[in-house]
file final_29.txt (compact mmCIF, C-alpha atoms and all ligand atoms)
# COMPACT_ATOMS: atom_id res chain seq x y z
CA MET B 450 18.30 -22.08 11.04
CA ALA B 451 17.87 -23.79 7.68
CA LEU B 452 19.01 -20.74 5.77
CA GLN B 453 22.18 -20.44 7.76
CA GLY B 454 22.99 -23.85 6.37
CA ALA B 455 22.09 -22.69 2.88
CA ALA B 456 24.30 -19.65 3.25
CA ALA B 457 27.17 -21.67 4.68
CA LYS B 458 26.89 -24.16 1.84
CA HIS B 459 27.60 -21.38 -0.64
CA ARG B 460 30.44 -19.85 1.33
CA SER B 461 33.15 -21.47 -0.72
CA ILE B 462 31.58 -20.74 -4.09
CA ARG B 463 33.47 -18.32 -6.26
CA GLY B 464 31.31 -16.11 -8.44
CA PRO B 465 32.08 -12.99 -10.43
CA LYS B 466 34.01 -11.84 -7.34
CA ALA B 467 35.43 -13.89 -4.51
CA THR B 468 32.29 -14.39 -2.46
CA ARG B 469 31.75 -14.75 1.25
CA ALA B 470 28.11 -15.75 1.53
CA ALA B 471 25.86 -13.50 3.59
CA ASP B 472 25.95 -15.05 7.03
CA PRO B 473 23.05 -14.28 9.38
CA ALA B 474 25.39 -15.06 12.26
CA LYS B 475 27.45 -11.97 11.30
CA PRO B 476 24.88 -9.22 10.79
CA MET B 477 27.44 -6.39 10.79
CA ALA B 478 29.06 -7.81 7.65
CA ILE B 479 25.86 -6.76 5.90
CA ALA B 480 24.96 -3.70 7.98
CA ARG B 481 28.26 -1.84 7.59
CA PRO B 482 28.46 -1.69 3.78
CA LEU B 483 24.70 -1.33 3.49
CA LEU B 484 24.50 1.67 5.85
CA ALA B 485 27.49 3.31 4.18
CA TRP B 486 25.70 2.97 0.84
CA TYR B 487 22.45 4.24 2.35
CA ARG B 488 24.05 7.39 3.68
CA ARG B 489 25.01 8.33 0.12
CA HIS B 490 22.07 7.04 -1.88
CA ARG B 491 18.97 7.03 0.32
CA ARG B 492 15.73 8.14 -1.27
CA ASP B 493 14.54 11.57 -0.23
CA LEU B 494 10.99 10.83 0.94
CA PRO B 495 8.66 13.24 2.75
CA TRP B 496 8.04 10.89 5.69
CA ARG B 497 11.75 10.63 6.39
CA MET B 498 12.08 14.19 7.65
CA ASN B 499 12.05 12.89 11.21
CA ARG B 500 11.27 9.73 13.20
CA ASP B 501 7.85 10.82 14.47
CA PRO B 502 5.90 7.53 14.92
CA TYR B 503 2.72 9.17 13.61
CA ARG B 504 4.37 10.07 10.30
CA VAL B 505 6.09 6.69 10.04
CA TRP B 506 2.79 4.95 10.71
CA VAL B 507 0.74 7.00 8.19
CA SER B 508 3.37 6.48 5.49
CA GLU B 509 3.62 2.74 6.13
CA ILE B 510 -0.15 2.30 5.93
CA MET B 511 -0.27 4.29 2.69
CA LEU B 512 2.62 2.27 1.27
CA GLN B 513 0.78 -1.00 1.73
CA GLN B 514 -0.30 -1.93 -1.81
CA THR B 515 0.61 1.51 -3.23
CA GLN B 516 3.77 2.64 -5.02
CA VAL B 517 6.11 5.10 -3.31
CA GLU B 518 5.82 7.73 -6.06
CA ARG B 519 2.06 7.70 -5.79
CA VAL B 520 2.08 7.93 -1.99
CA LYS B 521 4.29 11.04 -1.78
CA ASP B 522 1.64 13.65 -2.64
CA PHE B 523 -1.08 11.87 -0.70
CA PHE B 524 1.15 11.76 2.36
CA VAL B 525 1.93 15.48 2.22
CA ARG B 526 -1.75 16.38 1.82
CA PHE B 527 -2.80 14.02 4.60
CA ILE B 528 -0.22 15.31 7.09
CA ASP B 529 -1.08 18.87 6.17
CA ARG B 530 -4.72 18.22 7.00
CA PHE B 531 -4.10 15.91 9.99
CA PRO B 532 -0.71 16.90 11.42
CA ALA B 533 -1.00 14.79 14.58
CA VAL B 534 -2.76 11.67 15.76
CA GLU B 535 -5.20 13.83 17.76
CA SER B 536 -6.43 15.70 14.70
CA LEU B 537 -6.89 12.45 12.81
CA ALA B 538 -8.80 10.92 15.73
CA ALA B 539 -11.08 13.95 15.91
CA ALA B 540 -11.93 13.88 12.18
CA SER B 541 -15.09 12.32 10.79
CA GLU B 542 -14.85 9.15 8.73
CA ARG B 543 -16.15 11.07 5.74
CA GLN B 544 -13.25 13.56 5.97
CA VAL B 545 -10.68 10.77 6.23
CA LEU B 546 -12.14 8.79 3.33
CA ARG B 547 -12.40 11.88 1.16
CA LEU B 548 -8.71 12.61 1.67
CA TRP B 549 -7.86 8.96 1.02
CA GLU B 550 -9.77 8.92 -2.24
CA GLY B 551 -7.53 7.81 -5.09
CA LEU B 552 -5.23 5.69 -2.92
CA GLY B 553 -7.61 2.73 -2.99
CA TYR B 554 -7.98 -0.07 -0.43
CA TYR B 555 -10.18 2.08 1.79
CA ARG B 556 -10.14 -0.44 4.59
CA ARG B 557 -6.69 0.95 5.35
CA ALA B 558 -8.13 4.43 5.88
CA ARG B 559 -10.86 3.15 8.17
CA GLN B 560 -8.39 1.20 10.24
CA LEU B 561 -6.01 4.15 10.36
CA HIS B 562 -8.84 6.26 11.70
CA ALA B 563 -9.88 3.59 14.23
CA ALA B 564 -6.26 3.16 15.38
CA ALA B 565 -5.85 6.92 15.83
CA LYS B 566 -8.88 6.94 18.11
CA ARG B 567 -7.42 4.06 20.11
CA VAL B 568 -4.02 5.78 20.47
CA VAL B 569 -5.74 8.89 21.79
CA ALA B 570 -8.25 7.07 24.02
CA ASP B 571 -6.04 4.27 25.38
CA HIS B 572 -2.52 5.69 25.16
CA ALA B 573 -3.07 9.42 25.77
CA GLY B 574 -1.95 10.19 22.20
CA SER B 575 1.44 8.44 22.46
CA PHE B 576 2.13 5.44 20.24
CA PRO B 577 3.06 2.18 21.96
CA ASP B 578 6.80 1.65 21.46
CA THR B 579 7.05 -2.11 20.98
CA ALA B 580 6.10 -4.18 17.96
CA ALA B 581 3.88 -6.43 20.08
CA ALA B 582 1.89 -3.51 21.50
CA LEU B 583 1.66 -1.82 18.10
CA ARG B 584 0.11 -4.97 16.65
CA GLU B 585 -2.80 -4.55 19.03
CA LEU B 586 -3.89 -1.52 17.01
CA PRO B 587 -6.28 -1.89 14.05
CA GLY B 588 -4.57 -2.31 10.69
CA ILE B 589 -1.04 -2.83 12.07
CA GLY B 590 0.39 -6.20 11.08
CA ARG B 591 3.81 -7.74 11.41
CA TYR B 592 5.53 -5.62 8.79
CA THR B 593 4.05 -2.27 9.87
CA ALA B 594 4.71 -2.95 13.55
CA GLY B 595 8.34 -3.82 12.75
CA ALA B 596 8.74 -0.69 10.64
CA ILE B 597 7.34 1.68 13.28
CA ALA B 598 9.15 -0.02 16.19
CA SER B 599 12.51 0.01 14.41
CA ILE B 600 12.34 3.37 12.60
CA ALA B 601 10.57 5.45 15.26
CA PHE B 602 11.71 3.70 18.45
CA GLY B 603 15.02 2.08 17.53
CA ARG B 604 13.81 -1.43 18.40
CA ARG B 605 15.65 -4.35 16.86
CA GLU B 606 12.72 -5.61 14.80
CA PRO B 607 12.86 -7.09 11.29
CA ILE B 608 10.73 -6.03 8.36
CA LEU B 609 9.80 -7.93 5.23
CA GLU B 610 7.99 -6.42 2.27
CA ALA B 611 8.42 -6.81 -1.47
CA ASN B 612 11.81 -5.06 -1.72
CA SER B 613 13.48 -6.46 1.39
CA ARG B 614 12.09 -9.93 0.65
CA ARG B 615 13.79 -9.93 -2.74
CA VAL B 616 17.11 -8.69 -1.34
CA PHE B 617 17.18 -11.20 1.52
CA ALA B 618 16.13 -14.08 -0.74
CA ARG B 619 18.94 -13.30 -3.18
CA LEU B 620 21.51 -12.68 -0.48
CA VAL B 621 21.06 -16.11 1.07
CA GLY B 622 20.05 -17.93 -2.13
CA HIS B 623 16.51 -18.73 -0.97
CA ASP B 624 15.01 -20.20 -4.13
CA ARG B 625 11.74 -21.54 -2.75
CA PRO B 626 8.35 -19.85 -3.26
CA VAL B 627 7.70 -16.71 -1.24
CA GLY B 628 4.63 -14.85 -0.05
CA GLY B 629 2.31 -15.38 2.92
CA ALA B 630 3.23 -18.29 5.18
CA ALA B 631 6.07 -19.25 2.80
CA ASP B 632 7.87 -16.07 3.91
CA GLU B 633 8.59 -17.39 7.38
CA PRO B 634 12.18 -18.49 6.62
CA LEU B 635 12.90 -15.05 5.21
CA TRP B 636 11.46 -13.38 8.30
CA GLN B 637 14.02 -15.40 10.23
CA VAL B 638 16.79 -14.20 7.93
CA ALA B 639 15.62 -10.60 8.31
CA ALA B 640 15.53 -11.00 12.11
CA ALA B 641 19.06 -12.39 12.13
CA PHE B 642 20.49 -9.65 9.90
CA VAL B 643 18.91 -6.60 11.55
CA PRO B 644 21.59 -5.08 13.80
CA VAL B 645 21.21 -3.86 17.37
CA ARG B 646 22.54 -0.47 16.35
CA ASP B 647 20.45 1.57 13.89
CA PRO B 648 17.87 -1.14 13.13
CA GLY B 649 15.51 1.46 11.62
CA LEU B 650 18.17 2.78 9.25
CA PHE B 651 19.09 -0.78 8.34
CA ASN B 652 15.47 -1.62 7.50
CA GLN B 653 15.05 1.49 5.38
CA ALA B 654 18.39 0.79 3.69
CA ILE B 655 17.38 -2.75 2.73
CA MET B 656 14.13 -1.44 1.24
CA ASP B 657 15.98 1.27 -0.69
CA LEU B 658 18.53 -1.23 -1.96
CA GLY B 659 15.68 -3.38 -3.28
CA ALA B 660 13.97 -0.37 -4.86
CA ILE B 661 17.07 1.18 -6.45
CA ILE B 662 19.68 -1.55 -7.03
CA CYS B 663 18.33 -5.06 -6.41
CA THR B 664 15.32 -4.58 -8.67
CA PRO B 665 13.11 -7.48 -9.81
CA THR B 666 14.68 -7.55 -13.27
CA GLN B 667 18.20 -6.49 -14.22
CA PRO B 668 19.53 -5.65 -10.77
CA GLN B 669 22.65 -3.49 -10.83
CA CYS B 670 24.93 -5.91 -9.04
CA ASP B 671 28.00 -3.94 -10.06
CA ARG B 672 26.76 -1.06 -7.91
CA CYS B 673 25.55 -3.21 -5.03
CA PRO B 674 27.34 -2.81 -1.69
CA LEU B 675 26.49 -6.43 -0.85
CA ALA B 676 27.64 -7.98 -4.12
CA GLY B 677 30.54 -9.79 -2.50
CA LEU B 678 28.20 -11.50 -0.04
CA CYS B 679 25.37 -12.44 -2.37
CA VAL B 680 24.67 -16.14 -2.88
CA ALA B 681 22.31 -15.63 -5.84
CA ARG B 682 25.01 -13.67 -7.66
CA ALA B 683 27.75 -16.13 -6.84
CA THR B 684 25.69 -19.06 -8.05
CA GLY B 685 24.23 -17.36 -11.13
CA ARG B 686 20.63 -17.66 -9.95
CA ILE B 687 19.56 -14.03 -9.69
CA ALA B 688 16.85 -14.38 -12.33
CA GLU B 689 15.31 -17.35 -10.49
CA ILE B 690 15.25 -15.73 -7.06
CA PRO B 691 12.81 -15.04 -5.60
CA ALA B 692 10.72 -17.79 -7.18
CA PRO B 693 7.69 -16.20 -8.88
CA THR B 694 4.41 -16.39 -7.02
CA PRO B 695 1.76 -18.06 -9.22
CA ARG B 696 -0.62 -15.42 -10.53
CA ARG B 697 -4.33 -15.82 -10.18
CA ALA B 698 -6.15 -15.69 -13.52
CA ALA B 699 -8.07 -12.47 -14.11
CA THR B 700 -11.85 -12.65 -13.86
CA LEU B 701 -13.67 -10.50 -16.40
CA VAL B 702 -16.78 -8.73 -15.16
CA ARG B 703 -19.33 -6.59 -17.01
CA GLU B 704 -21.71 -4.23 -15.24
CA THR B 705 -23.96 -1.29 -15.97
CA ALA B 706 -24.20 1.84 -13.85
CA VAL B 707 -27.36 3.89 -14.20
CA VAL B 708 -27.09 7.59 -13.50
CA ILE B 709 -30.61 8.54 -12.46
CA ARG B 710 -30.87 12.24 -13.08
CA GLN B 711 -33.45 14.90 -12.47
CA GLY B 712 -32.35 18.33 -13.60
CA ASP B 713 -28.86 18.82 -12.20
CA ARG B 714 -29.29 16.25 -9.42
CA VAL B 715 -28.30 12.57 -9.52
CA LEU B 716 -28.90 9.55 -7.32
CA VAL B 717 -25.94 8.04 -5.48
CA GLU B 718 -25.79 5.00 -3.21
CA ARG B 719 -23.50 4.06 -0.40
CA ARG B 720 -21.65 0.78 -0.90
CA PRO B 721 -22.88 -1.71 1.70
CA ALA B 722 -20.78 -3.52 4.29
CA GLY B 723 -18.65 -6.27 2.78
CA ALA B 724 -18.80 -4.83 -0.74
CA TRP B 725 -15.79 -3.41 -2.57
CA TRP B 726 -15.35 0.20 -1.49
CA GLU B 727 -17.54 -0.33 1.54
CA GLY B 728 -19.02 2.93 2.77
CA LEU B 729 -18.10 4.99 -0.31
CA TRP B 730 -20.63 6.54 -2.67
CA ASP B 731 -21.27 5.37 -6.21
CA PHE B 732 -23.97 5.35 -8.85
CA PRO B 733 -26.52 2.52 -8.70
CA LEU B 734 -25.59 -0.63 -10.56
CA ALA B 735 -28.25 -2.25 -12.68
CA ALA B 736 -29.26 -5.76 -11.70
CA ALA B 737 -28.13 -8.42 -14.18
CA ASP B 738 -31.67 -8.72 -15.59
CA ASP B 739 -32.32 -4.96 -15.62
CA LYS B 740 -32.71 -3.98 -19.27
CA VAL B 741 -31.57 -0.57 -20.38
CA ALA B 742 -34.72 1.51 -20.65
CA ARG B 743 -35.90 3.31 -23.74
CA GLY B 744 -34.58 6.87 -23.54
CA ASP B 745 -31.47 5.94 -21.55
CA ARG B 746 -28.49 7.80 -22.93
CA ARG B 747 -25.22 5.99 -23.14
CA LEU B 748 -22.56 8.14 -21.46
CA ALA B 749 -19.38 6.07 -21.51
CA SER B 750 -17.71 2.75 -20.95
CA ILE B 751 -14.99 2.66 -18.34
CA SER B 752 -12.61 -0.09 -17.25
CA TYR B 753 -11.05 -0.66 -13.86
CA THR B 754 -9.43 -3.39 -11.84
CA VAL B 755 -10.13 -4.64 -8.32
CA THR B 756 -7.75 -7.35 -7.08
CA HIS B 757 -7.86 -9.95 -9.89
CA HIS B 758 -11.16 -8.70 -11.35
CA ARG B 759 -11.08 -6.72 -14.58
CA ILE B 760 -14.31 -4.82 -14.80
CA THR B 761 -15.90 -3.04 -17.72
CA ARG B 762 -18.66 -0.68 -16.65
CA ARG B 763 -21.15 0.67 -19.12
CA VAL B 764 -22.65 3.97 -17.95
CA VAL B 765 -26.08 5.19 -19.01
CA VAL B 766 -27.98 8.29 -17.93
CA ARG B 767 -31.70 7.97 -17.21
CA ARG B 768 -33.61 11.22 -16.88
CA VAL B 769 -36.56 11.08 -14.49
CA ALA B 770 -39.35 13.55 -13.80
CA THR B 771 -39.49 13.00 -10.04
CA ALA B 772 -36.74 12.27 -7.56
CA PRO B 773 -36.64 8.70 -6.31
CA PRO B 774 -36.88 8.23 -2.53
CA ALA B 775 -33.64 8.89 -0.63
CA GLY B 776 -32.49 7.49 2.74
CA ARG B 777 -29.39 6.81 4.81
CA THR B 778 -27.74 4.86 2.00
CA LYS B 779 -29.19 6.78 -0.95
CA ARG B 780 -28.95 10.46 -1.74
CA PHE B 781 -30.13 12.70 -4.49
CA VAL B 782 -27.40 15.32 -4.83
CA ALA B 783 -26.47 18.15 -7.16
CA ILE B 784 -23.69 17.23 -9.60
CA ALA B 785 -21.66 20.15 -8.29
CA GLU B 786 -21.89 18.66 -4.78
CA LEU B 787 -20.48 15.24 -5.74
CA ASP B 788 -17.00 16.60 -5.14
CA ARG B 789 -17.71 16.67 -1.41
CA LEU B 790 -18.55 12.97 -1.20
CA ALA B 791 -16.00 10.19 -0.76
CA MET B 792 -16.62 8.15 -3.90
CA THR B 793 -15.42 4.89 -5.40
CA ALA B 794 -12.83 5.24 -8.17
CA PRO B 795 -15.27 4.40 -11.02
CA GLY B 796 -17.94 6.56 -9.34
CA ARG B 797 -15.57 9.52 -9.32
CA ARG B 798 -14.76 9.00 -12.99
CA ILE B 799 -18.45 9.09 -13.82
CA ALA B 800 -18.93 12.22 -11.69
CA ARG B 801 -16.23 13.97 -13.70
CA LEU B 802 -17.88 12.93 -16.96
CA LEU B 803 -21.19 14.39 -15.75
CA ASP B 804 -19.39 17.57 -14.83
CA ALA B 805 -17.75 17.79 -18.22
CA ASN B 806 -20.93 16.92 -20.13
CA GLY B 807 -23.14 19.35 -18.21
S1 LIG O 901 21.87 -6.37 -6.46
FE1 LIG O 901 22.81 -8.27 -7.15
S2 LIG O 901 24.48 -8.60 -5.75
FE2 LIG O 901 23.13 -7.11 -4.76
S3 LIG O 901 21.77 -8.34 -3.49
FE3 LIG O 901 20.77 -8.04 -5.46
S4 LIG O 901 21.30 -9.83 -6.67
FE4 LIG O 901 22.73 -9.74 -4.96
call {"tool": "encode", "arguments": {"input": "final_29.txt", "output": "structure tokens"}}
result
Amino acid sequence: MALQGAAAKHRSIRGPKATRAADPAKPMAIARPLLAWYRRHRRDLPWRMNRDPYRVWVSEIMLQQTQVERVKDFFVRFIDRFPAVESLAAASERQVLRLWEGLGYYRRARQLHAAAKRVVADHAGSFPDTAAALRELPGIGRYTAGAIASIAFGRREPILEANSRRVFARLVGHDRPVGGAADEPLWQVAAAFVPVRDPGLFNQAIMDLGAIICTPTQPQCDRCPLAGLCVARATGRIAEIPAPTPRRAATLVRETAVVIRQGDRVLVERRPAGAWWEGLWDFPLAAADDKVARGDRRLASISYTVTHHRITRRVVVRRVATAPPAGRTKRFVAIAELDRLAMTAPGRRIARLLDANG
């Protein structure tokens, strides 16, 4: 493996402490001090109460693209409402999306729901116990399959996400770009380091080390259980590793939402397939050439971000005498009833403004 060579190359380098470079051929040299540290410093997270694959799976899906602190409350609410894969499978999509609201990336919720149905229909409610079989389920990729297989089933499977990627890259001195296909060498490092014994604990420990000690800036190397094995530290390249991923320039977007209102009812539309927030409800957006009508009342201007798009949405209220036609993708609903719909993030913000403004 190329990185074994890289690690070996640094084995004789003397850094702030006498350093033996992290050697993927000797995984226990990493696992022992790491697990000892983890036993004392692990994060107390609600999904770590037990190794139930359902809880591990729900938490891992929520943690994709969402910060741990933000996920905690959502996780507790979700498990409270859907305590087992059967109850999730039996729920309607509307119920699942409503509970997911605020976490963003709703495709995750749809795939979670679809996977729950598959586990119940094809596996009698028991999760497959290998990474390969888990990856057959909707929404479960390489990382999530490795996390569930190792944490819930004790399989020797690697994981690589933002925290573990940074730790592994620094440990072996991997200074090339990371992310996507460029992560393959680090997947190999992760696979070599994960021990046969307690692979799930090891994977959680690496993530915690990245979150608590080996942070993106100003890592606390003096408190790191792997400091004596770290190539980046020994060679003074911590700040350069991992190499930053080039950022895509933000695209600025302006749009106008028109709240069509008759009495205390407003028109909402369902986002079509392929659109952001597919399947969620929102207020109609004006076409680019749709001029604001005389009598429209300006309600607010709100800003939000979707991937690399920074969007400013102007919101106007248009009172109408008769309700426009409704259908499967359009509804005319009382403002007080909006709370029951699964809405887009900007749509929900507008709904709250309507509530507050009467
Ligand atoms: S905290 Fe410091 S010593 Fe530990 S792995 Fe990160 S960079 Fe290396």
call {"tool": "closest_residue", "arguments": {"input": "final_29.txt", "among": "B:Arg615, B:His623, B:Arg604, B:Arg497", "to": "Lys521 of chain B", "atoms": "only C-alpha atoms"}}
result
B:Arg497
call {"tool": "residues_around", "arguments": {"input": "final_29.txt", "residues": "Asp804 of chain B", "least_positions_apart": "2", "cutoff": "10 Å", "atoms": "all atoms listed in the file", "output": "list in words"}}
result
Asp713, Ile784, Ala785, Leu787, Arg798, Ile799, Ala800, Arg801, Leu802, Asn806 and Gly807 of chain B
call {"tool": "write_last_selection", "arguments": {"input": "final_29.txt", "atoms": "C-alpha atoms", "output": "CSV table (one decimal), keeping the file's coordinate frame"}}
result
chain,number,residue,atom,x,y,z
B,713,ASP,CA,-28.9,18.8,-12.2
B,784,ILE,CA,-23.7,17.2,-9.6
B,785,ALA,CA,-21.7,20.2,-8.3
B,787,LEU,CA,-20.5,15.2,-5.7
B,798,ARG,CA,-14.8,9.0,-13.0
B,799,ILE,CA,-18.4,9.1,-13.8
B,800,ALA,CA,-18.9,12.2,-11.7
B,801,ARG,CA,-16.2,14.0,-13.7
B,802,LEU,CA,-17.9,12.9,-17.0
B,806,ASN,CA,-20.9,16.9,-20.1
B,807,GLY,CA,-23.1,19.4,-18.2
call {"tool": "residues_near_point", "arguments": {"input": "final_29.txt", "point": "(15.6, -9.1, -6.9)", "cutoff": "8 Å", "atoms": "all atoms listed in the file", "output": "PyMOL selection string"}}
result
chain B and resi 612+615-616+618-619+659+663-666+668+687-688+690-691
call {"tool": "closest_residue", "arguments": {"input": "final_29.txt", "among": "B:Asp671, B:Glu786, B:Glu727, B:Glu689", "to": "ligand LIG 901 (chain O)", "atoms": "all atoms listed in the file"}}
result
B:Asp671
call {"tool": "axis_aligned_box", "arguments": {"input": "final_29.txt", "around": "ligand LIG 901 (chain O)", "padding_each_side": "5 Å", "output": "lines of an AutoDock Vina configuration file"}}
result
center_x = 22.6
center_y = -8.1
center_z = -5.3
size_x = 13.7
size_y = 13.5
size_z = 13.7
